[in-house]
Every structure is written in structure tokens, then in C-alpha cells.
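Q: I am sharing query_7.cif, which consists of mmCIF, C-alpha atoms:
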```
data_target
loop_
_atom_site.label_atom_id
_atom_site.label_comp_id
_atom_site.auth_asym_id
_atom_site.auth_seq_id
_atom_site.Cartn_x
_atom_site.Cartn_y
_atom_site.Cartn_z
CA MET A 1 0.00 0.00 0.00
CA ALA A 2 2.84 2.37 0.85
CA THR A 3 4.40 1.77 -2.56
CA ILE A 4 1.12 2.46 -4.37
CA ALA A 5 0.59 5.65 -2.35
CA LYS A 6 4.11 6.82 -3.19
CA LEU A 7 3.62 6.15 -6.90
CA SER A 8 0.30 8.00 -6.82
CA LYS A 9 1.90 11.03 -5.18
CA THR A 10 4.73 11.05 -7.73
CA ALA A 11 2.26 10.93 -10.63
CA THR A 12 0.28 13.78 -9.10
CA GLU A 13 3.37 15.93 -8.67
CA THR A 14 4.49 15.15 -12.20
CA SER A 15 1.12 16.19 -13.62
CA ARG A 16 1.21 19.41 -11.61
CA SER A 17 4.78 20.21 -12.63
CA ARG A 18 4.01 19.54 -16.31
CA ILE A 19 1.13 21.99 -16.21
CA LEU A 20 3.32 24.60 -14.50
CA SER A 21 6.12 24.07 -17.02
CA ALA A 22 3.67 24.43 -19.90
CA THR A 23 2.37 27.68 -18.43
CA MET A 24 5.85 29.10 -17.89
CA GLU A 25 6.81 28.17 -21.44
CA SER A 26 3.68 29.82 -22.82
CA TRP A 27 4.33 33.24 -21.33
CA SER A 28 6.77 33.85 -24.17
CA ALA A 29 4.94 31.87 -26.85
CA ARG A 30 1.37 33.11 -26.44
CA GLY A 31 0.82 35.23 -23.34
CA ALA A 32 -2.14 35.07 -20.98
CA ALA A 33 -4.67 35.87 -23.71
CA GLY A 34 -3.62 32.79 -25.66
CA MET A 35 -3.46 30.35 -22.74
CA SER A 36 -6.78 28.55 -22.44
CA ALA A 37 -7.22 25.57 -20.14
CA ARG A 38 -7.57 23.32 -23.19
CA TYR A 39 -4.37 24.63 -24.77
CA LEU A 40 -2.35 24.16 -21.57
CA SER A 41 -3.75 20.70 -20.94
CA GLN A 42 -2.75 19.59 -24.44
CA LEU A 43 0.73 21.09 -24.05
CA ALA A 44 1.18 19.39 -20.67
CA ALA A 45 -0.36 16.09 -21.82
CA ALA A 46 -2.79 16.23 -18.90
CA PRO A 47 -6.59 16.33 -18.66
CA VAL A 48 -8.23 19.75 -18.45
CA SER A 49 -9.64 18.67 -15.10
CA SER A 50 -6.08 18.41 -13.74
CA ILE A 51 -5.72 22.20 -13.95
CA TYR A 52 -8.74 22.74 -11.72
CA HIS A 53 -7.77 19.84 -9.44
CA HIS A 54 -4.29 21.19 -8.78
CA PHE A 55 -4.87 24.94 -8.98
CA GLY A 56 -8.60 25.60 -8.64
CA SER A 57 -8.77 28.00 -11.59
CA LEU A 58 -6.81 29.24 -14.57
CA GLU A 59 -6.15 32.54 -12.78
CA GLN A 60 -4.69 30.70 -9.78
CA LEU A 61 -2.48 28.70 -12.13
CA PHE A 62 -1.21 31.96 -13.58
CA LEU A 63 -0.47 33.27 -10.07
CA VAL A 64 1.45 30.14 -9.09
CA SER A 65 3.36 30.29 -12.37
CA GLN A 66 4.24 33.92 -11.73
CA SER A 67 5.57 32.98 -8.31
CA GLU A 68 7.75 30.28 -9.89
CA CYS A 69 9.02 32.73 -12.50
CA LEU A 70 9.82 35.31 -9.83
CA GLY A 71 11.86 32.75 -7.93
CA ALA A 72 13.79 31.80 -11.06
CA ALA A 73 14.37 35.48 -11.87
CA ARG A 74 15.73 36.12 -8.37
CA ASP A 75 18.16 33.23 -8.77
CA TRP A 76 19.23 34.57 -12.17
CA SER A 77 19.76 38.10 -10.82
CA GLU A 78 21.83 36.76 -7.93
CA ARG A 79 24.09 34.96 -10.39
CA GLN A 80 24.64 38.19 -12.33
CA ILE A 81 25.61 40.14 -9.21
CA ALA A 82 27.87 37.29 -8.05
CA GLN A 83 29.87 37.58 -11.27
CA LEU A 84 30.98 41.06 -10.23
CA GLU A 85 33.02 39.65 -7.36
CA GLY A 86 36.65 40.71 -7.62
CA ILE A 87 36.04 43.11 -10.51
CA ALA A 88 37.27 46.67 -10.02
CA ALA A 89 33.92 48.06 -11.12
CA SER A 90 33.63 51.78 -11.81
CA PRO A 91 31.10 54.16 -13.41
CA GLN A 92 33.12 54.00 -16.62
CA SER A 93 32.68 50.19 -16.82
CA PHE A 94 28.94 50.27 -16.17
CA ALA A 95 27.88 50.39 -19.84
CA GLY A 96 29.17 46.90 -20.59
CA PHE A 97 27.35 45.46 -17.58
CA PHE A 98 24.08 47.18 -18.46
CA ALA A 99 24.12 45.99 -22.08
CA HIS A 100 24.92 42.45 -20.94
CA ILE A 101 22.04 42.39 -18.44
CA VAL A 102 19.48 43.60 -20.99
CA ASP A 103 20.65 41.23 -23.72
CA GLU A 104 21.13 38.19 -21.49
CA TRP A 105 17.76 38.72 -19.80
CA THR A 106 15.75 39.06 -23.01
CA ASN A 107 17.64 36.51 -25.13
CA GLY A 108 18.81 34.09 -22.46
CA GLN A 109 15.67 34.08 -20.29
CA PRO A 110 12.77 34.79 -22.67
CA ALA A 111 10.18 32.84 -20.66
CA LEU A 112 10.95 34.90 -17.57
CA ALA A 113 11.22 38.16 -19.51
CA PHE A 114 7.79 37.67 -21.08
CA ALA A 115 6.30 36.43 -17.79
CA TRP A 116 7.26 39.73 -16.15
CA ARG A 117 5.66 41.76 -18.91
CA GLU A 118 2.51 39.65 -18.94
CA CYS A 119 2.21 40.07 -15.18
CA LEU A 120 2.24 43.86 -15.53
CA LEU A 121 -0.52 43.65 -18.14
CA LEU A 122 -2.57 41.31 -15.95
CA ALA A 123 -2.14 43.63 -12.97
CA ASP A 124 -3.63 46.47 -15.00
CA ARG A 125 -6.71 44.35 -15.63
CA GLY A 126 -7.12 42.46 -12.36
CA ALA A 127 -6.33 43.24 -8.73
CA GLU A 128 -5.28 39.65 -7.98
CA PHE A 129 -2.04 40.11 -9.96
CA ARG A 130 -0.97 43.41 -8.42
CA GLU A 131 1.06 41.89 -5.63
CA SER A 132 2.99 39.78 -8.15
CA ALA A 133 3.58 42.89 -10.26
CA ARG A 134 4.90 44.76 -7.22
CA ASN A 135 7.19 41.82 -6.46
CA TRP A 136 8.65 42.01 -9.96
CA LEU A 137 9.28 45.74 -9.62
CA ASP A 138 10.79 45.23 -6.17
CA LEU A 139 13.11 42.53 -7.54
CA TRP A 140 14.55 44.91 -10.13
CA HIS A 141 14.66 47.83 -7.72
CA ARG A 142 16.84 45.84 -5.34
CA PHE A 143 18.96 44.53 -8.21
CA TRP A 144 19.82 47.97 -9.56
CA LEU A 145 20.50 49.33 -6.08
CA ARG A 146 23.08 46.58 -5.60
CA ALA A 147 24.50 47.05 -9.09
CA GLY A 148 24.66 50.80 -8.54
CA GLU A 149 26.56 50.29 -5.31
CA ALA A 150 29.02 47.94 -7.04
CA PHE A 151 29.73 50.51 -9.76
CA GLY A 152 29.78 53.55 -7.48
CA LEU A 153 26.49 54.86 -8.86
CA GLN A 154 24.16 54.18 -5.95
CA GLU A 155 22.81 57.76 -5.78
CA ASN A 156 21.75 57.54 -9.41
CA ALA A 157 20.65 53.88 -9.48
CA ILE A 158 17.01 54.85 -10.10
CA VAL A 159 17.99 56.22 -13.53
CA ALA A 160 19.52 52.87 -14.51
CA GLU A 161 16.51 51.02 -13.11
CA ARG A 162 14.03 53.09 -15.10
CA VAL A 163 15.95 52.86 -18.38
CA PHE A 164 16.42 49.10 -17.93
CA GLU A 165 12.72 48.57 -17.28
CA THR A 166 11.85 50.11 -20.64
CA GLU A 167 14.85 48.96 -22.66
CA SER A 168 14.34 45.34 -21.61
CA LEU A 169 10.81 45.56 -23.02
CA TYR A 170 11.96 47.04 -26.34
CA HIS A 171 14.83 44.55 -26.67
CA LEU A 172 12.29 41.73 -26.80
CA ILE A 173 11.37 43.10 -30.23
CA ARG A 174 13.46 41.61 -33.01
CA TRP A 175 14.27 43.63 -36.10
CA ARG A 176 17.85 43.19 -37.29
CA ARG A 177 19.92 41.40 -34.67
CA VAL A 178 23.20 43.16 -35.51
CA VAL A 179 21.58 46.61 -35.50
CA ASP A 180 19.52 45.90 -32.38
CA ARG A 181 22.56 44.72 -30.42
CA ALA A 182 24.76 47.60 -31.56
CA ALA A 183 22.02 50.11 -30.76
CA LEU A 184 21.71 48.56 -27.28
CA ASP A 185 25.43 49.11 -26.74
CA GLU A 186 24.97 52.76 -27.71
CA THR A 187 22.04 53.06 -25.30
CA ALA A 188 24.20 51.61 -22.52
CA ARG A 189 27.03 54.04 -23.26
CA GLY A 190 24.60 56.96 -23.35
CA LEU A 191 23.10 55.92 -20.03
CA ALA A 192 26.53 55.51 -18.45
CA ALA A 193 27.44 59.01 -19.66
CA TRP A 194 24.27 60.46 -18.14
CA LEU A 195 24.97 58.72 -14.83
CA VAL A 196 28.29 60.54 -14.46
CA GLY A 197 27.10 63.85 -15.90
CA ALA A 198 29.04 63.46 -19.16
CA PRO A 199 27.86 64.15 -22.72
CA ALA A 200 26.09 61.28 -24.44
CA PRO A 201 28.27 59.78 -27.20
CA ALA A 202 27.40 59.55 -30.88
CA ALA A 203 24.92 56.82 -31.79
CA PRO A 204 25.22 56.01 -35.52
CA TRP A 205 23.49 52.64 -35.20
CA ARG A 206 20.43 54.13 -33.51
CA GLU A 207 20.34 56.99 -35.98
CA PHE A 208 20.39 54.48 -38.85
CA ALA A 209 17.60 52.45 -37.21
CA HIS A 210 15.55 55.61 -36.64
CA ALA A 211 15.92 56.68 -40.28
CA GLU A 212 15.16 53.20 -41.63
CA ALA A 213 12.10 52.77 -39.38
CA SER A 214 10.83 56.14 -40.56
CA ARG A 215 11.38 55.22 -44.20
CA THR A 216 9.66 51.82 -44.05
CA GLY A 217 6.88 52.72 -41.62
CA ALA A 218 3.26 52.36 -42.64
CA ILE A 219 1.73 55.64 -43.79
CA ALA A 220 -1.61 56.37 -42.14
CA PRO A 221 -4.45 57.27 -44.51
CA PRO A 222 -6.02 60.73 -44.29
CA GLN A 223 -8.19 61.10 -41.20
CA ASP A 224 -11.96 60.99 -41.50
CA ASP A 225 -14.74 59.75 -39.24
CA THR A 226 -14.58 56.18 -40.55
CA THR A 227 -10.81 56.01 -40.23
CA ALA A 228 -11.03 57.33 -36.68
CA ARG A 229 -13.62 54.66 -35.79
CA ILE A 230 -11.38 51.93 -37.17
CA MET A 231 -8.34 53.21 -35.29
CA THR A 232 -10.32 53.44 -32.06
CA ALA A 233 -11.73 49.93 -32.53
CA ALA A 234 -8.26 48.46 -33.06
CA ALA A 235 -7.01 50.28 -29.95
CA VAL A 236 -9.93 48.94 -27.89
CA LEU A 237 -9.16 45.37 -28.95
CA VAL A 238 -5.59 45.85 -27.77
CA ALA A 239 -6.71 47.39 -24.47
CA GLU A 240 -8.96 44.39 -23.85
CA GLY A 241 -5.97 42.08 -24.03
CA LEU A 242 -6.68 40.96 -27.57
CA GLY A 243 -3.59 42.42 -29.22
CA ALA A 244 -2.80 39.21 -31.08
CA SER A 245 -6.39 39.18 -32.38
CA VAL A 246 -6.33 42.61 -33.99
CA THR A 247 -7.36 41.28 -37.38
CA HIS A 248 -9.14 43.15 -40.13
CA ARG A 249 -12.31 41.13 -39.52
CA ALA A 250 -12.34 41.63 -35.73
CA THR A 251 -11.67 45.35 -36.14
CA ALA A 252 -14.43 45.70 -38.73
CA GLU A 253 -16.92 44.04 -36.39
CA ARG A 254 -15.89 46.26 -33.48
CA ALA A 255 -15.99 49.44 -35.58
CA GLY A 256 -19.32 48.57 -37.22
CA VAL A 257 -17.95 48.83 -40.76
CA THR A 258 -17.39 46.34 -43.55
CA LEU A 259 -14.30 44.18 -43.84
CA GLY A 260 -13.61 45.78 -47.21
CA THR A 261 -13.56 49.25 -45.66
CA VAL A 262 -10.93 48.26 -43.10
CA SER A 263 -8.83 46.46 -45.73
CA HIS A 264 -9.03 49.45 -48.07
CA LYS A 265 -7.85 51.96 -45.47
CA PHE A 266 -5.31 49.65 -43.79
CA PRO A 267 -4.16 47.03 -46.32
CA THR A 268 -1.73 45.15 -44.06
CA LYS A 269 -1.69 44.00 -40.45
CA GLN A 270 1.30 46.27 -39.87
CA ALA A 271 -0.74 49.25 -41.03
CA LEU A 272 -3.66 48.22 -38.80
CA LEU A 273 -1.44 47.80 -35.72
CA THR A 274 0.24 51.11 -36.48
CA ALA A 275 -3.22 52.70 -36.48
CA ALA A 276 -3.97 51.11 -33.11
CA PHE A 277 -0.69 52.38 -31.72
CA GLU A 278 -1.27 55.90 -33.00
CA SER A 279 -4.72 55.93 -31.41
CA ILE A 280 -3.36 54.72 -28.06
CA TYR A 281 -0.43 57.13 -28.23
CA ALA A 282 -2.67 60.12 -29.02
CA ALA A 283 -4.95 59.24 -26.09
CA THR A 284 -1.95 58.93 -23.77
CA VAL A 285 -0.55 62.31 -24.80
CA ALA A 286 -3.97 63.92 -24.42
CA GLN A 287 -4.35 62.42 -20.96
CA ALA A 288 -0.90 63.62 -19.93
CA THR A 289 -1.62 67.14 -21.19
CA GLU A 290 -4.97 67.26 -19.44
CA SER A 291 -3.63 65.88 -16.16
CA SER A 292 -0.80 68.41 -16.07
CA GLY A 293 -3.32 71.18 -16.61
CA ARG A 294 -0.94 73.00 -18.95
CA THR A 295 -1.40 74.02 -22.55
CA ARG A 296 1.67 76.26 -22.77
CA PRO A 297 5.39 75.71 -22.20
CA ALA A 298 6.40 75.54 -18.54
CA ALA A 299 7.74 78.78 -17.11
CA SER A 300 10.64 77.05 -15.36
CA ARG A 301 12.49 73.75 -15.31
CA GLN A 302 11.05 72.90 -11.90
CA GLU A 303 7.54 73.60 -13.09
CA LEU A 304 8.06 71.42 -16.15
CA LEU A 305 9.33 68.55 -14.03
CA MET A 306 6.32 68.85 -11.76
CA ASP A 307 4.01 68.79 -14.80
CA THR A 308 5.61 65.52 -15.87
CA ALA A 309 5.33 64.06 -12.36
CA THR A 310 1.67 65.10 -12.20
CA ALA A 311 0.99 63.40 -15.52
CA VAL A 312 2.63 60.21 -14.21
CA ALA A 313 0.52 60.33 -11.04
CA SER A 314 -2.70 60.88 -12.99
CA ALA A 315 -2.20 58.12 -15.55
CA THR A 316 -4.35 55.02 -15.34
CA ASN A 317 -2.21 52.56 -17.30
CA GLY A 318 -0.26 52.14 -20.51
CA SER A 319 -1.10 48.51 -21.07
CA GLY A 320 -2.38 49.11 -24.59
CA ARG A 321 1.00 50.17 -25.89
CA ASP A 322 2.82 47.48 -23.94
CA ALA A 323 0.48 44.81 -25.31
CA LEU A 324 1.36 45.95 -28.83
CA PHE A 325 5.06 45.66 -28.03
CA LEU A 326 4.54 42.04 -27.01
CA VAL A 327 2.52 41.32 -30.16
CA ALA A 328 5.38 42.68 -32.27
CA ALA A 329 7.95 40.78 -30.20
CA ARG A 330 6.18 37.45 -30.79
CA ASP A 331 5.47 37.80 -34.52
CA PRO A 332 8.51 37.84 -36.86
CA GLY A 333 6.20 39.05 -39.62
CA LEU A 334 5.80 42.33 -37.73
CA ALA A 335 9.52 43.14 -37.64
CA ALA A 336 9.05 46.45 -39.50
CA PHE A 337 6.26 47.48 -37.12
CA GLY A 338 8.47 46.47 -34.20
CA ALA A 339 11.22 48.72 -35.52
CA GLN A 340 8.80 51.65 -35.46
CA LEU A 341 7.86 50.93 -31.85
CA ARG A 342 11.46 50.53 -30.82
CA TYR A 343 13.26 53.28 -32.69
CA LEU A 344 10.74 56.06 -33.35
CA ARG A 345 10.06 56.80 -29.67
CA GLY A 346 10.84 60.08 -28.01
CA LYS A 347 8.77 62.36 -30.28
CA SER A 348 6.96 64.18 -27.49
CA SER A 349 9.59 63.70 -24.79
CA ARG A 350 12.27 65.38 -26.89
CA GLU A 351 10.60 68.76 -26.43
CA THR A 352 10.39 68.21 -22.67
CA LEU A 353 14.04 67.19 -22.54
CA GLN A 354 15.01 70.27 -24.53
CA ALA A 355 13.24 72.47 -21.99
CA ILE A 356 15.02 70.72 -19.11
CA ILE A 357 18.54 71.03 -20.46
CA GLY A 358 18.02 74.53 -21.86
CA PRO A 359 18.83 76.09 -25.23
CA ALA A 360 22.59 75.58 -25.10
CA ARG A 361 22.39 72.38 -27.13
CA THR A 362 19.88 70.16 -28.92
CA PRO A 363 19.26 66.68 -27.50
CA SER A 364 20.21 63.83 -29.80
CA ILE A 365 18.00 60.96 -30.93
CA LEU A 366 19.75 58.77 -28.35
CA GLU A 367 19.11 61.23 -25.52
CA ALA A 368 15.46 61.60 -26.49
CA ALA A 369 15.14 57.80 -26.42
CA LEU A 370 16.80 57.63 -22.99
CA PHE A 371 14.50 60.28 -21.56
CA SER A 372 11.47 58.58 -23.10
CA ALA A 373 12.59 55.28 -21.54
CA PHE A 374 12.88 56.90 -18.12
CA VAL A 375 9.46 58.53 -18.15
CA SER A 376 7.72 55.55 -19.79
CA SER A 377 8.99 53.37 -16.95
CA GLN A 378 7.56 55.81 -14.43
CA PHE A 379 4.14 55.53 -16.06
CA ARG A 380 4.28 51.75 -15.80
CA ALA A 381 5.63 51.69 -12.25
CA TYR A 382 3.13 54.16 -10.80
CA ALA A 383 -0.03 53.36 -12.78
CA GLY A 384 -2.88 52.85 -10.37
CA ARG A 385 -0.74 53.54 -7.30
CA THR A 386 -2.18 55.52 -4.39
CA GLY A 387 -0.45 57.96 -2.09
CA ASN A 388 1.76 60.88 -3.02
CA VAL A 389 2.78 59.43 -6.37
CA ALA A 390 3.51 62.83 -7.89
CA GLN A 391 6.15 63.49 -5.26
CA LEU A 392 7.74 60.06 -5.76
CA ALA A 393 7.89 60.65 -9.51
CA MET A 394 9.23 64.16 -8.91
CA ASP A 395 12.01 62.86 -6.67
CA GLU A 396 13.15 60.52 -9.44
CA LEU A 397 12.92 63.21 -12.11
CA SER A 398 14.99 65.51 -9.90
CA VAL A 399 17.80 62.96 -9.83
CA LEU A 400 17.81 62.82 -13.62
CA SER A 401 17.51 66.59 -13.95
CA ARG A 402 20.50 67.09 -11.66
CA LEU A 403 22.62 64.86 -13.89
CA LEU A 404 21.49 66.54 -17.10
CA THR A 405 21.80 70.14 -15.96
CA ALA A 406 25.18 69.58 -14.31
CA ARG A 407 26.74 69.52 -17.77
CA SER A 408 24.27 71.75 -19.59
CA GLU A 409 24.82 74.92 -17.58
CA PRO A 410 27.95 77.04 -17.83
CA SER A 411 30.45 76.62 -15.01
#
```
Spit out the file's structure as C-alpha cells when you get a sec.
A:
Amino acid sequence: MATIAKLSKTATETSRSRILSATMESWSARGAAGMSARYLSQLAAAPVSSIYHHFGSLEQLFLVSQSECLGAARDWSERQIAQLEGIAASPQSFAGFFAHIVDEWTNGQPALAFAWRECLLLADRGAEFRESARNWLDLWHRFWLRAGEAFGLQENAIVAERVFETESLYHLIRWRRVVDRAALDETARGLAAWLVGAPAPAAPWREFAHAEASRTGAIAPPQDDTTARIMTAAAVLVAEGLGASVTHRATAERAGVTLGTVSHKFPTKQALLTAAFESIYAATVAQATESSGRTRPAASRQELLMDTATAVASATNGSGRDALFLVAARDPGLAAFGAQLRYLRGKSSRETLQAIIGPARTPSILEAALFSAFVSSQFRAYAGRTGNVAQLAMDELSVLSRLLTARSEPS
């Protein structure tokens, strides 16, 4: 009897572990929206009833899987920090470490990298995932504090943390591997320069990627009421967690127009997703402008920073844009669209950055991207948070402003 009981327990644990492994694998392959109980049961070679027997519900399975992924991510991060032992780390050597962490995380640990991003999306849509989302953010906060201390950058570690949070999302998107990796190195060198108050270096790879993404990007048709309805419908599908299902047919049904109308105005999926992104982006900018209460340039740098912090505190979430990033990251056929998302950012933030650093010089494409990465991470980190969020965001912006203005103002 004891032997039978032991075998039964082993079989039960094996079934449970197979289901968990299938879920962890599927964070990168499909995401939460594509993980039905039937799909996971087939992938795990287990009955659908096993999911409910072991976990109670699909949502609970997701929560347990997130906990497992968090544990694996903590172990991975500890191994990265441990490799710094004995190295005479300095601010000047930080760029190489930062680029390695981003590339190794996204390319070496894709299941964990996608699990983190899916958790943030789920937390925007359901309270039960918010603790897991906070645990992810806390993991990286502690990691970059320790890394900052190792490289003598502890006072400015929040800048590295914010840029990493965004850059590790964008680096999931594949366009041209050589260009993407070289542009990441430039981003790391630009960040390292900012962290020590030095000028950002030239970034020819990023400038090439920016120009190429602009050249090959889908051109939106002239705006009219029908086009606006289609763009809004595509954006709503994304916001509902259906980013992978933004098809011409689904968009036509949601917009209340014919399939032919959608296909005529947006002939390709890239064009349709670009329309969804533009709609989400325009709504985000409008919300930020409204929440800051300002329709004219800020009268002072401090006032401008506070406007940005207020916009961060007033934002609900940016899950629509992030969902599109994950759609582009999973579909090789959307490489050109992914390049737009990755390399054409910083359009609105460049004007804000210019106002912060003053008229003495014009911020480069790389600097605009870095500033955009910083602020975008704030929006994700503080979305839905209570308390004095504006002050928290302002404290972080003040750290960045101090670094930027230290080299922008005459001595």
C-alpha cells in the first residue's frame, strides 16, 4: 500500500509540474490571452480537469506560475551580481554590464522576460495580480541598487533602473539582430554618460535604425470619421488584451464597418497595428496634457518637471501600448512594425528634454530615447498607485535633472 501511495503522489506531482512548465513556457509563446485551459492541458499532456484539481482555476495557475518565474528570476539576478566579485567596477565600466544584463535577460531568459511583462498587463486588468507585479518591480529595484553600489552609482541607481525597465521591453522586439545589439550598446554608453554627468556619445546605429524605421513605416491614410472609428476599434481590442487578435475582420466588427472598408484603409496587419498604436499614443498624450493642466510651455524647469510628475501620477495605465510591443515581439512578420515601436520613440519627450537642459544644445536621438525610456517606466511603475505618487515621480525626475543640468549649464 505504501508503494502504491508513493507512486500516486509522484504521478500527481508530475502532472502538476508539467502543467506549471507548460504555463511558464507559454508566457513567451502566447501570453495570458492565448493560454486557455484546453491549450495548456494539451501542451502538458494532462486532462483539463487536472488544472482545476491542482490549482482551482486558470487565474490561480497563472499566479502560481508567476511565483515560480519570480523565484527563477531572483536566482538569475543573484548569479549576475555574483559575477561582479573581484572586478574593479567603476562608473566607466557600467555600460558593458548594463548591455549584458538587458541582452542576457531578453535573449537568455525569454520565458521569464515575457512572464514579467505579462504580469504587468494582468495587474492592469485584475487586482489579484498586483502583488505579483509589485514583487517584480521590487526585484529589479533591489537589483539595480546593488549594481549601482558595485559601480559607485548608488545615488543615481534609479535612472539605470528606469531605463532598464523600458529597454528590456523594447529589446524583446526583433528587427535586425546586428543593429539591435549595436544600438543597445549605444544606449548603454549613453546611459553611463548620463549617470556621471558626461555628454552622451554619438549613436550612428540608432540613428540608422531611426531613419530606416521612418522610411519603411506604414503611412496612415487621411483622417476621416470612418478612419477614426477603425483606429479606435483596433485600440480597444488591444486594451482588452486581444492584441494578437487585432485582425481586419475583428476590427471591422468592433468598428461597425465592412471588412472591405478596413482592408481598403489599412491594407496590411502592420498598417492596422500602427493605427492602433497611433490611437493609443494620441490618447496617452492627451491624458498627460490634461492631467498636467498645462497648454503652454512651462515657465521654469522645476515647473516642467512637476508637470511631468503630475501626468505620471494621474495616468491610469499604458497597457495598450505594452500589449502591442509584445505582439510585435512574438510575430517575426511584424519586424518592421516592431522597428517603429522601438526606434521612433521620443517624439513628445524630446521637447520636454530640450526644456530641461536649456537652449545651449539640442538633444540627440539617443538622448530623447533615454529620456522617453525613463518617463515611460515611471508611467508603468506608478499606474494605479495611491499615495503621493507625484512626489515620488518628482524625486526621481529631480535625480535625472541634476545629472542633465550639471553639464548643460555654464560653469
Q: Got a sec to resolve the PyMOL selection byres ((chain A and resi 214) around 12) on this structure and send the residues as a ChimeraX atom specification?
A: /A:207-213,215-219,336-345
Q: Could you tell me how far CA of Trp144 in chain A lies from CA of Glu161 in chain A, in Å and to one decimal?
A: 5.7 Å
Q: Hey, can you pull every residue with an atom no more than 10 Å from (3.6, 37.5, -40.8), using all atoms listed in the file, and send it as a PDB file with C-alpha atoms, in the frame of the given file?
A:
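Result went into point.pdb, see below:
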```
ATOM      1  CA  THR A 268      -1.730  45.150 -44.060  1.00  0.00           C
ATOM      2  CA  LYS A 269      -1.690  44.000 -40.450  1.00  0.00           C
ATOM      3  CA  GLN A 270       1.300  46.270 -39.870  1.00  0.00           C
ATOM      4  CA  ASP A 331       5.470  37.800 -34.520  1.00  0.00           C
ATOM      5  CA  PRO A 332       8.510  37.840 -36.860  1.00  0.00           C
ATOM      6  CA  GLY A 333       6.200  39.050 -39.620  1.00  0.00           C
ATOM      7  CA  LEU A 334       5.800  42.330 -37.730  1.00  0.00           C
ATOM      8  CA  ALA A 335       9.520  43.140 -37.640  1.00  0.00           C
TER       9      ALA A 335
END
```
Q: List, as a short mmCIF file (atom, residue, chain, number, x, y, z; two decimals) with C-alpha atoms, keeping the file's coordinate frame, every residue that the PyMOL selection byres ((chain A and resi 368-372) around 8) selects in the file provided.
A:
```cif
data_model
loop_
_atom_site.label_atom_id
_atom_site.label_comp_id
_atom_site.auth_asym_id
_atom_site.auth_seq_id
_atom_site.Cartn_x
_atom_site.Cartn_y
_atom_site.Cartn_z
CA VAL A 163 15.95 52.86 -18.38
CA THR A 187 22.04 53.06 -25.30
CA GLY A 190 24.60 56.96 -23.35
CA LEU A 191 23.10 55.92 -20.03
CA TYR A 343 13.26 53.28 -32.69
CA ARG A 345 10.06 56.80 -29.67
CA GLY A 346 10.84 60.08 -28.01
CA LYS A 347 8.77 62.36 -30.28
CA SER A 349 9.59 63.70 -24.79
CA ARG A 350 12.27 65.38 -26.89
CA LEU A 353 14.04 67.19 -22.54
CA PRO A 363 19.26 66.68 -27.50
CA SER A 364 20.21 63.83 -29.80
CA ILE A 365 18.00 60.96 -30.93
CA LEU A 366 19.75 58.77 -28.35
CA GLU A 367 19.11 61.23 -25.52
CA ALA A 373 12.59 55.28 -21.54
CA PHE A 374 12.88 56.90 -18.12
CA VAL A 375 9.46 58.53 -18.15
CA SER A 376 7.72 55.55 -19.79
#
```
Q: In Å to one decimal, how far is CA of Thr405 in chain A from CA of Ser300 in chain A?
A: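 Distance between the two atoms: 13.1 Å.
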Q: When the PyMOL selection byres ((chain A and resi 99) around 12) is applied to the structure above, which residues does it catch, written out as a PDB file with C-alpha atoms, in the frame of the given file?
A:
```
ATOM      1  CA  SER A  93      32.680  50.190 -16.820  1.00  0.00           C
ATOM      2  CA  PHE A  94      28.940  50.270 -16.170  1.00  0.00           C
ATOM      3  CA  ALA A  95      27.880  50.390 -19.840  1.00  0.00           C
ATOM      4  CA  GLY A  96      29.170  46.900 -20.590  1.00  0.00           C
ATOM      5  CA  PHE A  97      27.350  45.460 -17.580  1.00  0.00           C
ATOM      6  CA  PHE A  98      24.080  47.180 -18.460  1.00  0.00           C
ATOM      7  CA  HIS A 100      24.920  42.450 -20.940  1.00  0.00           C
ATOM      8  CA  ILE A 101      22.040  42.390 -18.440  1.00  0.00           C
ATOM      9  CA  VAL A 102      19.480  43.600 -20.990  1.00  0.00           C
ATOM     10  CA  ASP A 103      20.650  41.230 -23.720  1.00  0.00           C
ATOM     11  CA  GLU A 104      21.130  38.190 -21.490  1.00  0.00           C
ATOM     12  CA  TRP A 105      17.760  38.720 -19.800  1.00  0.00           C
ATOM     13  CA  THR A 106      15.750  39.060 -23.010  1.00  0.00           C
ATOM     14  CA  ASN A 107      17.640  36.510 -25.130  1.00  0.00           C
ATOM     15  CA  ALA A 160      19.520  52.870 -14.510  1.00  0.00           C
ATOM     16  CA  VAL A 163      15.950  52.860 -18.380  1.00  0.00           C
ATOM     17  CA  PHE A 164      16.420  49.100 -17.930  1.00  0.00           C
ATOM     18  CA  GLU A 167      14.850  48.960 -22.660  1.00  0.00           C
ATOM     19  CA  SER A 168      14.340  45.340 -21.610  1.00  0.00           C
ATOM     20  CA  HIS A 171      14.830  44.550 -26.670  1.00  0.00           C
ATOM     21  CA  ASP A 180      19.520  45.900 -32.380  1.00  0.00           C
ATOM     22  CA  ARG A 181      22.560  44.720 -30.420  1.00  0.00           C
ATOM     23  CA  ALA A 182      24.760  47.600 -31.560  1.00  0.00           C
ATOM     24  CA  ALA A 183      22.020  50.110 -30.760  1.00  0.00           C
ATOM     25  CA  LEU A 184      21.710  48.560 -27.280  1.00  0.00           C
ATOM     26  CA  ASP A 185      25.430  49.110 -26.740  1.00  0.00           C
ATOM     27  CA  GLU A 186      24.970  52.760 -27.710  1.00  0.00           C
ATOM     28  CA  THR A 187      22.040  53.060 -25.300  1.00  0.00           C
ATOM     29  CA  ALA A 188      24.200  51.610 -22.520  1.00  0.00           C
ATOM     30  CA  ARG A 189      27.030  54.040 -23.260  1.00  0.00           C
ATOM     31  CA  GLY A 190      24.600  56.960 -23.350  1.00  0.00           C
ATOM     32  CA  LEU A 191      23.100  55.920 -20.030  1.00  0.00           C
ATOM     33  CA  ALA A 192      26.530  55.510 -18.450  1.00  0.00           C
TER      34      ALA A 192
END
```
Q: Calculated over all atoms listed in the file, which of the candidates A:Arg38, A:Arg321, A:Arg18, A:Arg385 has the smallest distance to Ala275 in chain A?
A: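 Closest residue, counting all atoms listed in the file: A:Arg321.
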Q: Could you work out an axis-aligned bounding box for all listed atoms of range 199-208 of chain A, with 5 Å added on each of the six sides, and give its centre and edge lengths in Å to one decimal, as JSON?
A:
```
{"center_x": 24.3, "center_y": 58.4, "center_z": -30.8, "size_x": 17.9, "size_y": 21.5, "size_z": 26.1}
```
